[in-house]
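Student: Just entry19.cif, nothing more (mmCIF, C-alpha atoms):
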```cif
data_run
#
loop_
_atom_site.label_atom_id
_atom_site.label_comp_id
_atom_site.auth_asym_id
_atom_site.auth_seq_id
_atom_site.Cartn_x
_atom_site.Cartn_y
_atom_site.Cartn_z
CA MET A 1 0.00 0.00 0.00
CA GLY A 2 1.15 3.52 -0.70
CA LEU A 3 1.63 6.25 1.84
CA ARG A 4 -1.66 7.92 0.88
CA GLU A 5 -3.60 4.80 1.77
CA ASP A 6 -1.56 4.28 4.95
CA ILE A 7 -2.32 7.71 6.38
CA MET A 8 -6.03 7.02 5.87
CA THR A 9 -5.92 3.70 7.75
CA GLU A 10 -3.12 4.12 10.32
CA THR A 11 -3.90 6.06 13.46
CA VAL A 12 -2.17 8.83 15.39
CA GLU A 13 -1.25 6.18 17.98
CA GLN A 14 1.20 4.74 15.43
CA LEU A 15 3.09 8.01 15.09
CA PRO A 16 6.29 8.55 17.10
CA LEU A 17 4.54 10.54 19.86
CA ARG A 18 6.42 12.64 22.38
CA ARG A 19 5.64 12.93 26.05
CA ALA A 20 3.48 15.98 26.60
CA LEU A 21 4.63 18.49 29.20
CA THR A 22 1.70 19.81 31.21
CA VAL A 23 1.36 22.67 33.67
CA THR A 24 -1.52 24.28 35.52
CA PRO A 25 -2.76 27.77 34.53
CA GLU A 26 -1.20 29.26 37.69
CA THR A 27 2.31 28.07 36.83
CA SER A 28 4.65 31.00 36.29
CA VAL A 29 6.08 31.71 32.84
CA VAL A 30 9.59 31.26 34.28
CA ASP A 31 8.75 27.76 35.53
CA ALA A 32 7.11 26.80 32.24
CA ILE A 33 10.23 27.96 30.35
CA GLU A 34 12.46 26.02 32.73
CA LEU A 35 10.40 22.87 32.17
CA MET A 36 10.68 23.29 28.39
CA ARG A 37 14.41 23.86 28.69
CA GLU A 38 15.02 20.83 30.88
CA SER A 39 12.98 18.61 28.57
CA GLN A 40 14.34 20.20 25.37
CA LEU A 41 10.81 20.50 24.07
CA GLY A 42 9.30 23.61 22.49
CA CYS A 43 5.81 23.32 23.94
CA VAL A 44 3.95 22.86 27.22
CA PHE A 45 0.21 22.28 27.48
CA VAL A 46 -1.78 24.12 30.10
CA VAL A 47 -4.38 21.70 31.47
CA ASP A 48 -7.38 21.78 33.79
CA ALA A 49 -7.91 19.58 36.85
CA TYR A 50 -8.94 16.66 34.60
CA GLU A 51 -5.81 17.08 32.46
CA ARG A 52 -7.84 18.35 29.53
CA PRO A 53 -5.97 20.93 27.43
CA LEU A 54 -6.85 24.59 27.91
CA GLY A 55 -4.07 25.98 25.76
CA LYS A 56 -0.43 25.75 24.90
CA PHE A 57 2.65 27.81 25.57
CA THR A 58 5.38 27.39 22.98
CA GLU A 59 8.82 28.65 21.99
CA ARG A 60 7.02 31.14 19.77
CA GLN A 61 5.32 32.70 22.80
CA VAL A 62 8.66 32.75 24.64
CA LEU A 63 10.25 34.57 21.70
CA LYS A 64 7.39 37.10 21.62
CA LEU A 65 7.66 37.78 25.34
CA ILE A 66 11.43 38.21 25.15
CA CYS A 67 11.21 40.48 22.09
CA ASP A 68 8.54 42.61 23.78
CA CYS A 69 10.48 42.68 27.08
CA VAL A 70 7.46 41.31 29.00
CA PRO A 71 8.20 40.30 32.63
CA LEU A 72 8.21 36.53 32.98
CA ASP A 73 7.09 36.21 36.58
CA GLY A 74 3.32 36.23 35.87
CA PRO A 75 1.13 33.17 35.40
CA VAL A 76 1.45 31.31 32.12
CA GLU A 77 -2.33 31.38 31.55
CA HIS A 78 -2.07 35.01 30.39
CA HIS A 79 0.15 34.05 27.50
CA ILE A 80 -1.27 30.78 26.21
CA VAL A 81 -2.70 30.05 22.78
CA PRO A 82 -6.10 28.35 23.11
CA ILE A 83 -6.26 24.86 21.64
CA THR A 84 -9.04 24.57 19.09
CA ASP A 85 -10.46 21.34 17.63
CA ASN A 86 -8.05 21.75 14.73
CA GLY A 87 -5.06 21.77 17.06
CA CYS A 88 -6.01 18.57 18.81
CA VAL A 89 -6.14 14.97 17.59
CA LYS A 90 -7.30 11.76 19.22
CA LEU A 91 -5.14 8.66 19.50
CA THR A 92 -7.69 6.86 17.35
CA ASP A 93 -7.88 9.50 14.59
CA PRO A 94 -6.36 8.58 11.24
CA ILE A 95 -3.03 10.26 10.49
CA ALA A 96 -4.78 11.96 7.58
CA ARG A 97 -6.73 13.98 10.15
CA LEU A 98 -3.43 15.34 11.52
CA VAL A 99 -2.17 16.16 8.02
CA GLN A 100 -5.42 17.95 7.28
CA GLY A 101 -5.12 19.90 10.53
CA MET A 102 -1.57 20.89 9.59
CA GLN A 103 -2.71 22.12 6.18
CA GLU A 104 -5.48 24.18 7.71
CA THR A 105 -3.65 25.66 10.68
CA ARG A 106 0.09 25.50 9.90
CA LEU A 107 0.60 24.63 13.57
CA ARG A 108 3.87 23.08 14.69
CA PHE A 109 2.50 21.24 17.72
CA PHE A 110 -0.63 19.15 18.03
CA CYS A 111 -2.09 17.96 21.30
CA VAL A 112 -2.89 14.24 21.36
CA VAL A 113 -5.78 13.27 23.62
CA ASP A 114 -7.48 10.00 24.60
CA ASP A 115 -11.20 9.27 24.32
CA LYS A 116 -11.89 11.23 27.50
CA GLY A 117 -10.10 14.29 26.21
CA LYS A 118 -7.08 13.87 28.52
CA VAL A 119 -3.69 14.94 27.16
CA VAL A 120 -1.60 11.84 26.43
CA GLY A 121 1.06 13.05 24.02
CA LEU A 122 2.45 15.56 21.61
CA THR A 123 2.99 15.33 17.89
CA GLY A 124 3.33 17.72 15.00
CA GLN A 125 5.58 18.61 12.11
CA LYS A 126 8.54 16.58 13.36
CA GLY A 127 6.31 13.59 14.09
CA LEU A 128 5.00 13.64 10.53
CA MET A 129 8.53 13.90 9.10
CA GLU A 130 9.64 10.95 11.25
CA TYR A 131 6.65 8.91 10.06
CA ILE A 132 7.47 9.63 6.41
CA THR A 133 11.13 8.79 7.07
CA GLU A 134 10.11 5.38 8.42
CA HIS A 135 7.95 4.90 5.35
CA PHE A 136 10.79 5.64 2.91
CA PRO A 137 13.93 4.56 4.80
CA HIS A 138 15.91 3.69 1.66
CA GLN A 139 15.25 7.10 0.15
CA ILE A 140 15.70 9.25 3.27
CA LYS A 141 17.88 7.48 5.84
CA ALA A 142 20.41 6.53 3.17
CA GLN A 143 21.22 10.22 2.61
CA GLN A 144 24.53 11.53 3.90
CA MET A 145 24.45 14.06 6.68
CA ASP A 146 27.42 16.09 5.50
CA SER A 147 26.91 19.21 3.43
CA LYS A 148 29.71 18.86 0.94
CA LEU A 149 29.09 19.64 -2.70
CA HIS A 150 31.37 17.23 -4.50
CA MET A 151 31.26 18.86 -7.93
CA LYS A 152 30.13 22.33 -8.85
CA SER A 153 29.06 21.27 -12.30
CA ARG A 154 28.90 18.16 -14.42
CA GLU A 155 32.20 17.01 -15.81
CA GLY A 156 32.91 18.43 -19.25
CA ALA A 157 29.98 20.87 -19.00
CA MET B 1 10.93 -5.93 -17.58
CA GLY B 2 14.30 -4.68 -18.89
CA ARG B 3 14.80 -3.59 -22.47
CA LYS B 4 16.20 -6.04 -24.95
CA ARG B 5 19.77 -5.18 -25.93
CA ASN B 6 21.20 -5.54 -29.37
CA PRO B 7 24.56 -7.34 -29.32
CA VAL B 8 27.49 -4.95 -29.70
CA GLU B 9 30.08 -5.66 -32.36
CA PRO B 10 33.70 -5.76 -31.11
CA GLY B 11 35.22 -2.26 -31.23
CA GLU B 12 31.82 -0.61 -31.57
CA PHE B 13 30.91 2.17 -29.15
CA GLU B 14 28.17 1.32 -26.69
CA ASP B 15 26.28 4.10 -24.99
CA PRO B 16 26.34 3.11 -21.30
CA LEU B 17 22.86 4.60 -20.86
CA SER B 18 21.34 2.70 -23.79
CA ASN B 19 20.01 0.05 -21.47
CA TYR B 20 19.02 2.42 -18.69
CA ASP B 21 15.62 1.90 -17.18
CA PRO B 22 14.44 4.84 -15.10
CA PRO B 23 13.49 3.99 -11.53
CA VAL B 24 9.86 3.11 -10.93
CA TYR B 25 8.36 4.78 -7.88
CA ALA B 26 5.53 3.22 -5.93
CA ASP B 27 4.40 6.58 -4.67
CA GLU B 28 4.36 10.14 -6.03
CA LEU B 29 5.90 11.37 -2.78
CA GLU B 30 8.76 8.92 -3.17
CA ARG B 31 9.47 10.33 -6.65
CA VAL B 32 9.33 13.90 -5.36
CA LEU B 33 11.70 13.07 -2.48
CA CYS B 34 14.29 11.64 -4.85
CA GLU B 35 13.94 13.57 -8.09
CA THR B 36 13.20 17.16 -7.14
CA GLN B 37 15.60 19.61 -5.49
CA VAL B 38 15.65 21.58 -2.28
CA GLY B 39 15.69 24.71 -4.47
CA GLN B 40 12.19 23.80 -5.65
CA MET B 41 10.89 23.92 -2.09
CA ARG B 42 9.90 27.16 -0.42
CA ILE B 43 13.25 28.41 0.91
CA GLN B 44 12.47 32.14 1.03
CA PRO B 45 12.06 34.56 2.74
CA LEU B 46 15.30 34.40 4.65
CA ALA B 47 16.10 36.51 7.71
CA CYS B 48 19.76 37.30 8.29
CA VAL B 49 22.04 39.31 10.54
CA GLN B 50 25.73 40.01 10.14
CA LYS B 51 28.14 38.32 12.50
CA ASP B 52 28.91 41.56 14.35
CA ALA B 53 25.23 41.96 15.34
CA THR B 54 24.07 41.82 18.95
CA VAL B 55 21.50 39.46 20.43
CA GLN B 56 19.06 42.38 20.60
CA GLU B 57 19.49 43.08 16.88
CA ALA B 58 18.82 39.43 16.08
CA LEU B 59 15.69 39.50 18.27
CA ASP B 60 14.51 42.64 16.47
CA VAL B 61 14.91 40.92 13.08
CA MET B 62 13.02 37.85 14.33
CA LYS B 63 10.22 40.05 15.62
CA LYS B 64 10.05 42.14 12.45
CA HIS B 65 9.86 39.09 10.17
CA THR B 66 7.83 36.95 12.61
CA CYS B 67 10.29 34.12 12.10
CA SER B 68 11.84 31.65 14.50
CA SER B 69 15.42 31.73 13.24
CA VAL B 70 17.98 34.04 11.69
CA VAL B 71 21.04 33.06 9.71
CA VAL B 72 24.24 34.75 10.89
CA LYS B 73 26.27 35.73 7.84
CA ASP B 74 29.82 36.76 7.14
CA ALA B 75 30.62 37.84 3.58
CA GLY B 76 27.59 35.98 2.24
CA LYS B 77 28.45 32.72 3.98
CA ALA B 78 26.35 31.22 6.78
CA VAL B 79 28.59 31.10 9.86
CA GLY B 80 25.85 30.43 12.36
CA ILE B 81 22.17 30.18 13.10
CA PHE B 82 20.22 31.67 15.97
CA SER B 83 16.77 30.25 16.64
CA SER B 84 13.91 30.33 19.10
CA ARG B 85 15.52 27.28 20.75
CA ASP B 86 18.61 29.38 21.49
CA VAL B 87 16.32 32.04 22.95
CA LEU B 88 14.70 29.40 25.17
CA ASN B 89 18.00 27.85 26.24
CA LYS B 90 20.36 30.80 26.51
CA ILE B 91 18.52 34.13 26.50
CA ALA B 92 15.16 33.79 28.28
CA HIS B 93 16.56 33.48 31.79
CA ASP B 94 19.25 36.11 31.39
CA PRO B 95 18.27 39.60 30.11
CA SER B 96 21.90 40.75 30.37
CA THR B 97 22.64 38.82 27.16
CA ARG B 98 20.79 41.31 24.93
CA PRO B 99 23.69 43.72 24.22
CA LYS B 100 26.18 40.89 23.78
CA PRO B 101 27.43 39.63 20.40
CA ILE B 102 25.25 37.10 18.62
CA THR B 103 28.31 34.96 17.90
CA ALA B 104 28.43 34.00 21.58
CA TYR B 105 24.90 32.56 21.53
CA MET B 106 24.36 31.27 18.00
CA THR B 107 24.94 27.71 16.86
CA SER B 108 28.20 27.94 14.92
CA ASP B 109 28.85 26.22 11.60
CA PRO B 110 25.28 24.94 11.22
CA GLN B 111 24.32 21.92 9.16
CA LYS B 112 23.51 23.05 5.60
CA VAL B 113 22.06 21.72 2.38
CA TYR B 114 22.63 22.77 -1.20
CA ALA B 115 19.78 23.97 -3.38
CA SER B 116 20.65 21.08 -5.69
CA ASP B 117 20.28 18.43 -2.95
CA SER B 118 17.20 16.25 -2.85
CA PRO B 119 14.37 16.97 -0.39
CA ALA B 120 15.12 13.50 1.03
CA LYS B 121 18.45 14.81 2.31
CA ALA B 122 16.84 17.81 4.03
CA ILE B 123 14.23 15.55 5.65
CA ASN B 124 16.94 13.18 6.82
CA LEU B 125 18.70 16.07 8.54
CA MET B 126 15.49 17.20 10.21
CA ALA B 127 13.80 13.92 11.13
CA VAL B 128 16.89 11.83 11.91
CA GLY B 129 19.52 14.47 12.68
CA GLY B 130 17.18 16.69 14.68
CA PHE B 131 18.21 19.94 12.93
CA ARG B 132 15.20 22.26 12.80
CA HIS B 133 16.47 25.08 10.62
CA ILE B 134 18.86 24.40 7.78
CA PRO B 135 20.44 27.13 5.64
CA VAL B 136 20.32 26.45 1.89
CA LEU B 137 23.45 27.22 -0.14
CA ASP B 138 24.16 27.79 -3.82
CA VAL B 139 27.13 26.22 -5.60
CA ASP B 140 29.42 29.01 -4.37
CA ASP B 141 28.43 28.32 -0.74
CA ASN B 142 26.47 31.55 -0.47
CA VAL B 143 23.33 31.25 1.60
CA VAL B 144 20.22 31.63 -0.57
CA GLY B 145 17.45 30.39 1.68
CA ILE B 146 16.44 28.46 4.74
CA LEU B 147 14.38 25.37 5.34
CA GLY B 148 12.41 24.85 8.49
CA PRO B 149 9.89 22.25 9.63
CA ARG B 150 6.91 24.32 8.54
CA ARG B 151 8.12 24.74 4.96
CA THR B 152 9.19 21.12 4.78
CA THR B 153 5.91 19.68 6.04
CA GLN B 154 4.02 22.06 3.74
CA PHE B 155 6.01 20.59 0.83
CA LEU B 156 5.25 17.05 1.99
CA GLU B 157 1.56 17.75 2.52
CA GLU B 158 1.18 18.94 -1.06
CA HIS B 159 2.04 15.43 -2.20
CA LEU B 160 0.28 13.55 0.58
CA ILE B 161 -3.39 14.36 0.24
#
```
Is it possible to express this structure as structure tokens?
Tutor:
Amino acid sequence: MGLREDIMTETVEQLPLRRALTVTPETSVVDAIELMRESQLGCVFVVDAYERPLGKFTERQVLKLICDCVPLDGPVEHHIVPITDNGCVKLTDPIARLVQGMQETRLRFFCVVDDKGKVVGLTGQKGLMEYITEHFPHQIKAQQMDSKLHMKSREGA
Amino acid sequence: MGRKRNPVEPGEFEDPLSNYDPPVYADELERVLCETQVGQMRIQPLACVQKDATVQEALDVMKKHTCSSVVVKDAGKAVGIFSSRDVLNKIAHDPSTRPKPITAYMTSDPQKVYASDSPAKAINLMAVGGFRHIPVLDVDDNVVGILGPRRTTQFLEEHLI
């Protein structure tokens, strides 16, 4: 089967999901940044008491705050981006649903939730690239990592 | 099935490509990954600062262009990259870094691709190597663009659905 068929039948659960970082709305921006830094992840989800997502706080928000010289000691809830239906996928959704969400929103991070709406993981642009890499290992993984151009032009040209 | 070859007479020239069968791809995306070039992807606009810039100047450029990375250039060559990950790791907790030189906080000698490389190579660097922003060079090693995850997934999506 081709990749197009696979993304229709395979589910988000089969993607290489990352552990989602979660914080409460009262968490300070400084603490949220520290958590992202320690985990080397560009996104934390702000969740309610039932661990359902309220919004997300990403590297992009950090950059905005730093550029605008905003104090970082306030609660993170004042700086989150609300998570809409398009920014959230279920474990049981087909991968095509994630691709469609990416096309519509251009979001980098997607919140992965279970049937009860609880945050269970994180995926997004990198997850999709990793999935495609696993689908075409001979074409992608066989590529060299170095950036050396061996010849500037064809011989004799 | 391969093409049938005519026997070559001794001393006769044989074109080495006369029996060449082009590869058959199972998927359009597979063909695109192998047969197109990074230069055909969206690699512009490109935000740059010179290597004598300060962290504050780099932040100003990132804010102005609403982008998450800037290429640090010296005489047209990419000598470093400064991204939102560097802001998270090195700048956010220390405001005193703003007037300091960008060269102290950038990632030096970043991984690069050539515009003539295949998209498969760029995706390998991102998905396997973990490089998020990759400067794109021309044949003279001048930086002509940048690839990030958003542009790359946009390119992939066009051939996925």
Student: Ranking B:Gly148, B:Thr107, B:Tyr25, B:Ala92 by minimum distance to A:Leu65 and counting only C-alpha atoms, which one comes first?
Tutor: B:Ala92
Student: To verify the selection step, state as JSON, numbers by chain which residues the PyMOL selection byres ((chain A) within 6 of (chain B)) yields on this input.
Tutor: {"A": [2, 4, 37, 67, 129, 130, 140, 141, 143, 147, 152]}
Student: Which residues are close to A:Pro53, i.e. within 12 Å by only C-alpha atoms, leaving aside same-chain residues fewer than 3 positions away? Reply as a VMD selection string.
Tutor: chain A and resid 20 to 25 44 to 50 56 to 57 77 80 to 85 87 to 89 110 to 114 116 to 122
Student: Which value, in Å to one decimal, gives the distance between atom CA of B:Val38 and atom CA of B:Val72?
Tutor: 20.5 Å
Student: Identify all residues satisfying the PyMOL selection byres ((chain A and resi 96) around 12) in the given file; provide them as number ranges by chain.
Tutor: A: 3-12, 15, 89-90, 92-95, 97-103, 128; B: 157, 160-161
Student: Within 8 Å of (23.5, 35.3, 19.7), all atoms listed in the file: residues as a PyMOL selection string?
Tutor: chain B and resi 54-55+58+82+86+100-106
Student: Create the file for the chosen residues now, containing C-alpha atoms and written as a PDB file, keeping the file's coordinate frame.
Tutor:
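File produced: out02.pdb:
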```pdb
ATOM      1  CA  THR B  54      24.070  41.820  18.950  1.00  0.00           C
ATOM      2  CA  VAL B  55      21.500  39.460  20.430  1.00  0.00           C
ATOM      3  CA  ALA B  58      18.820  39.430  16.080  1.00  0.00           C
ATOM      4  CA  PHE B  82      20.220  31.670  15.970  1.00  0.00           C
ATOM      5  CA  ASP B  86      18.610  29.380  21.490  1.00  0.00           C
ATOM      6  CA  LYS B 100      26.180  40.890  23.780  1.00  0.00           C
ATOM      7  CA  PRO B 101      27.430  39.630  20.400  1.00  0.00           C
ATOM      8  CA  ILE B 102      25.250  37.100  18.620  1.00  0.00           C
ATOM      9  CA  THR B 103      28.310  34.960  17.900  1.00  0.00           C
ATOM     10  CA  ALA B 104      28.430  34.000  21.580  1.00  0.00           C
ATOM     11  CA  TYR B 105      24.900  32.560  21.530  1.00  0.00           C
ATOM     12  CA  MET B 106      24.360  31.270  18.000  1.00  0.00           C
TER      13      MET B 106
END
```
Student: Just give me the gap between atom CA of A:Thr27 and atom CA of A:Glu13 in Å, one decimal is fine.
Tutor: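 Spanning atom CA of A:Thr27 to atom CA of A:Glu13 is a straight-line distance of 29.1 Å.
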Student: Rounded to one decimal in Å, what is the spacing between atom CA of A:Thr105 and atom CA of B:His65?
Tutor: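 So the answer is 19.1 Å.
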Student: Smallest atom-to-atom distance to A:Leu107: which of A:Ile132, A:Leu17, A:Val29, A:Cys43, using all atoms listed in the file?
Tutor: A:Cys43
Student: Set the distance at 12 Å and use all atoms listed in the file: which residues neighbour A:Leu72 once local chain neighbours fewer than 6 positions away are removed? I'd like the list as a VMD selection string.
Tutor: (chain A and resid 27 to 34 61 to 66 78 to 79) or (chain B and resid 92 to 95)
